[in-house]
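Content type mmCIF, C-alpha atoms, from the file start-v3.cif:
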data_final
#
loop_
_atom_site.label_atom_id
_atom_site.label_comp_id
_atom_site.auth_asym_id
_atom_site.auth_seq_id
_atom_site.Cartn_x
_atom_site.Cartn_y
_atom_site.Cartn_z
CA MET E 1 77.25 15.34 -14.03
CA THR E 2 78.22 15.58 -10.42
CA LYS E 3 79.48 12.75 -8.32
CA THR E 4 76.82 10.88 -6.42
CA SER E 5 77.21 10.06 -2.75
CA SER E 6 75.40 6.69 -2.69
CA LYS E 7 77.40 3.50 -2.24
CA ILE E 8 75.92 0.54 -4.09
CA ILE E 9 76.56 -3.19 -4.24
CA ILE E 10 75.48 -4.92 -7.45
CA ALA E 11 75.10 -8.68 -7.10
CA VAL E 12 74.68 -10.41 -10.45
CA THR E 13 73.10 -13.84 -10.19
CA GLY E 14 73.05 -16.77 -12.58
CA ALA E 15 69.44 -16.17 -13.57
CA SER E 16 69.14 -15.51 -17.28
CA GLY E 17 68.84 -11.83 -18.06
CA SER E 18 72.34 -10.41 -18.21
CA ILE E 19 71.03 -7.54 -20.32
CA TYR E 20 69.34 -6.11 -17.20
CA ALA E 21 72.57 -6.22 -15.25
CA LYS E 22 74.42 -4.65 -18.18
CA ARG E 23 71.87 -1.84 -18.36
CA MET E 24 72.26 -1.21 -14.64
CA LEU E 25 76.06 -1.08 -14.89
CA ASP E 26 75.86 1.15 -17.99
CA THR E 27 73.50 3.50 -16.15
CA LEU E 28 75.75 3.72 -13.08
CA GLN E 29 78.73 4.41 -15.32
CA ASN E 30 76.82 7.14 -17.20
CA LEU E 31 75.80 8.71 -13.88
CA ASN E 32 79.50 9.09 -13.05
CA PHE E 33 79.59 6.67 -10.15
CA ILE E 34 83.22 6.05 -9.25
CA LYS E 35 85.07 2.86 -8.44
CA GLU E 36 84.89 3.33 -4.69
CA ASP E 37 81.10 3.81 -4.73
CA VAL E 38 80.08 0.72 -6.72
CA VAL E 39 81.06 -2.84 -5.89
CA VAL E 40 80.10 -5.65 -8.25
CA VAL E 41 79.90 -9.35 -7.43
CA PHE E 42 79.19 -11.95 -10.12
CA SER E 43 78.30 -15.50 -9.15
CA LYS E 44 80.18 -18.16 -11.11
CA THR E 45 77.05 -18.94 -13.10
CA ALA E 46 76.39 -15.24 -13.73
CA THR E 47 79.81 -14.94 -15.36
CA GLU E 48 79.01 -17.88 -17.65
CA VAL E 49 75.51 -16.60 -18.51
CA TRP E 50 76.87 -13.08 -19.21
CA LYS E 51 79.45 -14.52 -21.61
CA TYR E 52 76.81 -16.69 -23.32
CA GLU E 53 74.13 -13.98 -23.60
CA LEU E 54 76.28 -10.92 -24.34
CA ASN E 55 79.65 -12.25 -25.52
CA ILE E 56 81.50 -9.29 -23.98
CA PRO E 57 83.72 -9.03 -20.86
CA HIS E 58 81.68 -8.82 -17.64
CA ASN E 59 84.28 -6.83 -15.72
CA ASN E 60 84.83 -4.03 -18.20
CA TYR E 61 83.34 -1.29 -16.01
CA PRO E 62 85.27 1.16 -13.81
CA PHE E 63 83.98 -0.37 -10.58
CA SER E 64 85.41 -2.61 -7.87
CA TYR E 65 84.86 -6.33 -8.39
CA TYR E 66 84.87 -9.11 -5.83
CA LYS E 67 84.50 -12.85 -6.16
CA PRO E 68 81.54 -14.25 -4.21
CA ASP E 69 83.82 -16.32 -1.95
CA ASN E 70 86.06 -13.38 -0.94
CA PHE E 71 85.42 -13.13 2.79
CA PHE E 72 88.00 -10.33 3.05
CA ALA E 73 86.11 -8.03 0.65
CA SER E 74 84.90 -4.77 2.16
CA ILE E 75 81.29 -5.78 1.55
CA ALA E 76 81.67 -8.94 3.65
CA SER E 77 81.52 -6.80 6.78
CA GLY E 78 78.31 -5.44 8.25
CA SER E 79 80.14 -2.20 8.90
CA SER E 80 80.98 -1.62 5.22
CA GLN E 81 78.73 1.47 5.02
CA PHE E 82 76.99 0.69 1.72
CA ASP E 83 73.58 2.28 1.16
CA THR E 84 72.00 -0.11 -1.32
CA MET E 85 72.29 -3.65 -2.63
CA ILE E 86 70.73 -4.54 -5.96
CA VAL E 87 70.38 -8.18 -6.99
CA MET E 88 70.41 -8.42 -10.80
CA PRO E 89 68.55 -10.17 -12.24
CA CYS E 90 66.21 -11.49 -9.60
CA SER E 91 63.57 -13.98 -10.59
CA MET E 92 60.20 -13.90 -8.82
CA GLY E 93 59.07 -17.31 -10.14
#
Give the structure from the file, written as structure tokens.
Amino acid sequence: MTKTSSKIIIAVTGASGSIYAKRMLDTLQNLNFIKEDVVVVFSKTATEVWKYELNIPHNNYPFSYYKPDNFFASIASGSSQFDTMIVMPCSMG
């Protein structure tokens, strides 16, 4: 696989459905996205739901992780140059 050029933010919410977020992170890892191209943010509740639903570490992927209250994170700036933000999981109800 070749390196992709997209820069993606993955925001994992506290909505139940950690398996969808895990599948997304697994897919990005399998597509050879590198640490600098994927940033992951878990809400506090998302961390708890992940642990309850999957019982595995939530930050075990080779990506950059930020806490949701980190106002100094690169993604906190509008000039951060990311291409996509995916909210996982996102409830429509």
Near E:Asp69, counting all atoms listed in the file, which residues have an atom at most 12 Å away, once you skip same-chain residues fewer than 2 positions from it, shown as a PyMOL selection string? chain E and resi 41-44+65-67+71-73+75-76
Please list as a PyMOL selection string every residue within 6 Å of stretch 13-19 of chain E, counting only C-alpha atoms and excluding residues in the same chain fewer than 4 positions away. chain E and resi 43+45-46+50
Could you turn the residues from that selection into a file that holds C-alpha atoms, as a PDB file, keeping the file's coordinate frame?
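Heads up, here's the output in out_1.pdb:
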ATOM      1  CA  SER E  43      78.300 -15.500  -9.150  1.00  0.00           C
ATOM      2  CA  THR E  45      77.050 -18.940 -13.100  1.00  0.00           C
ATOM      3  CA  ALA E  46      76.390 -15.240 -13.730  1.00  0.00           C
ATOM      4  CA  TRP E  50      76.870 -13.080 -19.210  1.00  0.00           C
TER       5      TRP E  50
END
Run the PyMOL selection byres ((chain E and resi 39) around 10) on the file and write out the hits as a PyMOL selection string. chain E and resi 7-11+34-38+40-41+62-66+73-75+82+85
Please, could you write that set of residues out with C-alpha atoms as a PDB file, in the coordinates of the input?
ATOM      1  CA  LYS E   7      77.400   3.500  -2.240  1.00  0.00           C
ATOM      2  CA  ILE E   8      75.920   0.540  -4.090  1.00  0.00           C
ATOM      3  CA  ILE E   9      76.560  -3.190  -4.240  1.00  0.00           C
ATOM      4  CA  ILE E  10      75.480  -4.920  -7.450  1.00  0.00           C
ATOM      5  CA  ALA E  11      75.100  -8.680  -7.100  1.00  0.00           C
ATOM      6  CA  ILE E  34      83.220   6.050  -9.250  1.00  0.00           C
ATOM      7  CA  LYS E  35      85.070   2.860  -8.440  1.00  0.00           C
ATOM      8  CA  GLU E  36      84.890   3.330  -4.690  1.00  0.00           C
ATOM      9  CA  ASP E  37      81.100   3.810  -4.730  1.00  0.00           C
ATOM     10  CA  VAL E  38      80.080   0.720  -6.720  1.00  0.00           C
ATOM     11  CA  VAL E  40      80.100  -5.650  -8.250  1.00  0.00           C
ATOM     12  CA  VAL E  41      79.900  -9.350  -7.430  1.00  0.00           C
ATOM     13  CA  PRO E  62      85.270   1.160 -13.810  1.00  0.00           C
ATOM     14  CA  PHE E  63      83.980  -0.370 -10.580  1.00  0.00           C
ATOM     15  CA  SER E  64      85.410  -2.610  -7.870  1.00  0.00           C
ATOM     16  CA  TYR E  65      84.860  -6.330  -8.390  1.00  0.00           C
ATOM     17  CA  TYR E  66      84.870  -9.110  -5.830  1.00  0.00           C
ATOM     18  CA  ALA E  73      86.110  -8.030   0.650  1.00  0.00           C
ATOM     19  CA  SER E  74      84.900  -4.770   2.160  1.00  0.00           C
ATOM     20  CA  ILE E  75      81.290  -5.780   1.550  1.00  0.00           C
ATOM     21  CA  PHE E  82      76.990   0.690   1.720  1.00  0.00           C
ATOM     22  CA  MET E  85      72.290  -3.650  -2.630  1.00  0.00           C
TER      23      MET E  85
END
Which of these, E:Lys51, E:Asp83, E:Met88, E:Ser77, has the shortest distance to E:Arg23 once you count all atoms listed in the file? E:Met88
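Atom CA of E:Val12 is found 6.0 Å from atom CA of E:Val87.
Atom pair atom CA of E:Asn59 / atom CA of E:Met24: separated by 13.3 Å.
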Report, in Å with one decimal, the straight-line distance from atom CA of E:Asn70 to atom CA of E:Glu48.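 Atom CA of E:Glu48 lies 18.7 Å from atom CA of E:Asn70.
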Residue among E:Leu31, E:Pro68, E:Leu25, E:Glu53 lying closest to E:Ser6, counting only C-alpha atoms: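 Smallest separation from E:Ser6 among the options: E:Leu31.
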Missing atoms in stretch 47-63 of chain E should be modelled up to N, CA, C and O atoms and reported as a PDB file, in the coordinates of the input.
ATOM      1  N   THR E  47      78.708 -15.196 -14.430  1.00  0.00           N
ATOM      2  CA  THR E  47      79.810 -14.940 -15.360  1.00  0.00           C
ATOM      3  C   THR E  47      79.615 -15.752 -16.640  1.00  0.00           C
ATOM      4  O   THR E  47      79.782 -15.243 -17.747  1.00  0.00           O
ATOM      5  N   GLU E  48      79.214 -17.016 -16.488  1.00  0.00           N
ATOM      6  CA  GLU E  48      79.010 -17.880 -17.650  1.00  0.00           C
ATOM      7  C   GLU E  48      77.803 -17.430 -18.475  1.00  0.00           C
ATOM      8  O   GLU E  48      77.855 -17.405 -19.705  1.00  0.00           O
ATOM      9  N   VAL E  49      76.707 -17.056 -17.801  1.00  0.00           N
ATOM     10  CA  VAL E  49      75.510 -16.600 -18.510  1.00  0.00           C
ATOM     11  C   VAL E  49      75.788 -15.297 -19.241  1.00  0.00           C
ATOM     12  O   VAL E  49      75.378 -15.105 -20.387  1.00  0.00           O
ATOM     13  N   TRP E  50      76.503 -14.368 -18.575  1.00  0.00           N
ATOM     14  CA  TRP E  50      76.870 -13.080 -19.210  1.00  0.00           C
ATOM     15  C   TRP E  50      77.631 -13.345 -20.509  1.00  0.00           C
ATOM     16  O   TRP E  50      77.334 -12.770 -21.543  1.00  0.00           O
ATOM     17  N   LYS E  51      78.631 -14.214 -20.427  1.00  0.00           N
ATOM     18  CA  LYS E  51      79.450 -14.520 -21.610  1.00  0.00           C
ATOM     19  C   LYS E  51      78.582 -15.134 -22.717  1.00  0.00           C
ATOM     20  O   LYS E  51      78.714 -14.773 -23.884  1.00  0.00           O
ATOM     21  N   TYR E  52      77.671 -16.025 -22.337  1.00  0.00           N
ATOM     22  CA  TYR E  52      76.810 -16.690 -23.320  1.00  0.00           C
ATOM     23  C   TYR E  52      75.814 -15.705 -23.941  1.00  0.00           C
ATOM     24  O   TYR E  52      75.625 -15.688 -25.154  1.00  0.00           O
ATOM     25  N   GLU E  53      75.179 -14.876 -23.115  1.00  0.00           N
ATOM     26  CA  GLU E  53      74.130 -13.980 -23.600  1.00  0.00           C
ATOM     27  C   GLU E  53      74.675 -12.733 -24.298  1.00  0.00           C
ATOM     28  O   GLU E  53      74.079 -12.237 -25.253  1.00  0.00           O
ATOM     29  N   LEU E  54      75.798 -12.201 -23.825  1.00  0.00           N
ATOM     30  CA  LEU E  54      76.280 -10.920 -24.340  1.00  0.00           C
ATOM     31  C   LEU E  54      77.589 -11.012 -25.117  1.00  0.00           C
ATOM     32  O   LEU E  54      77.906 -10.121 -25.896  1.00  0.00           O
ATOM     33  N   ASN E  55      78.374 -12.041 -24.837  1.00  0.00           N
ATOM     34  CA  ASN E  55      79.650 -12.250 -25.520  1.00  0.00           C
ATOM     35  C   ASN E  55      80.583 -11.038 -25.424  1.00  0.00           C
ATOM     36  O   ASN E  55      81.247 -10.669 -26.396  1.00  0.00           O
ATOM     37  N   ILE E  56      80.591 -10.399 -24.260  1.00  0.00           N
ATOM     38  CA  ILE E  56      81.500  -9.290 -23.980  1.00  0.00           C
ATOM     39  C   ILE E  56      82.043  -9.496 -22.563  1.00  0.00           C
ATOM     40  O   ILE E  56      81.437 -10.204 -21.765  1.00  0.00           O
ATOM     41  N   PRO E  57      83.173  -8.872 -22.214  1.00  0.00           N
ATOM     42  CA  PRO E  57      83.720  -9.030 -20.860  1.00  0.00           C
ATOM     43  C   PRO E  57      82.744  -8.500 -19.801  1.00  0.00           C
ATOM     44  O   PRO E  57      82.122  -7.459 -19.983  1.00  0.00           O
ATOM     45  N   HIS E  58      82.607  -9.228 -18.710  1.00  0.00           N
ATOM     46  CA  HIS E  58      81.680  -8.820 -17.640  1.00  0.00           C
ATOM     47  C   HIS E  58      82.307  -7.825 -16.669  1.00  0.00           C
ATOM     48  O   HIS E  58      81.609  -7.177 -15.913  1.00  0.00           O
ATOM     49  N   ASN E  59      83.603  -7.702 -16.682  1.00  0.00           N
ATOM     50  CA  ASN E  59      84.280  -6.830 -15.720  1.00  0.00           C
ATOM     51  C   ASN E  59      84.949  -5.648 -16.406  1.00  0.00           C
ATOM     52  O   ASN E  59      86.022  -5.217 -16.023  1.00  0.00           O
ATOM     53  N   ASN E  60      84.280  -5.114 -17.407  1.00  0.00           N
ATOM     54  CA  ASN E  60      84.830  -4.030 -18.200  1.00  0.00           C
ATOM     55  C   ASN E  60      84.331  -2.655 -17.758  1.00  0.00           C
ATOM     56  O   ASN E  60      84.365  -1.722 -18.531  1.00  0.00           O
ATOM     57  N   TYR E  61      83.860  -2.552 -16.539  1.00  0.00           N
ATOM     58  CA  TYR E  61      83.340  -1.290 -16.010  1.00  0.00           C
ATOM     59  C   TYR E  61      84.311  -0.746 -14.965  1.00  0.00           C
ATOM     60  O   TYR E  61      85.052  -1.510 -14.343  1.00  0.00           O
ATOM     61  N   PRO E  62      84.298   0.553 -14.736  1.00  0.00           N
ATOM     62  CA  PRO E  62      85.270   1.160 -13.810  1.00  0.00           C
ATOM     63  C   PRO E  62      84.852   1.050 -12.344  1.00  0.00           C
ATOM     64  O   PRO E  62      84.876   2.016 -11.593  1.00  0.00           O
ATOM     65  N   PHE E  63      84.430  -0.141 -11.945  1.00  0.00           N
ATOM     66  CA  PHE E  63      83.980  -0.370 -10.580  1.00  0.00           C
ATOM     67  C   PHE E  63      84.860  -1.421  -9.904  1.00  0.00           C
ATOM     68  O   PHE E  63      85.653  -2.096 -10.550  1.00  0.00           O
TER      69      PHE E  63
END
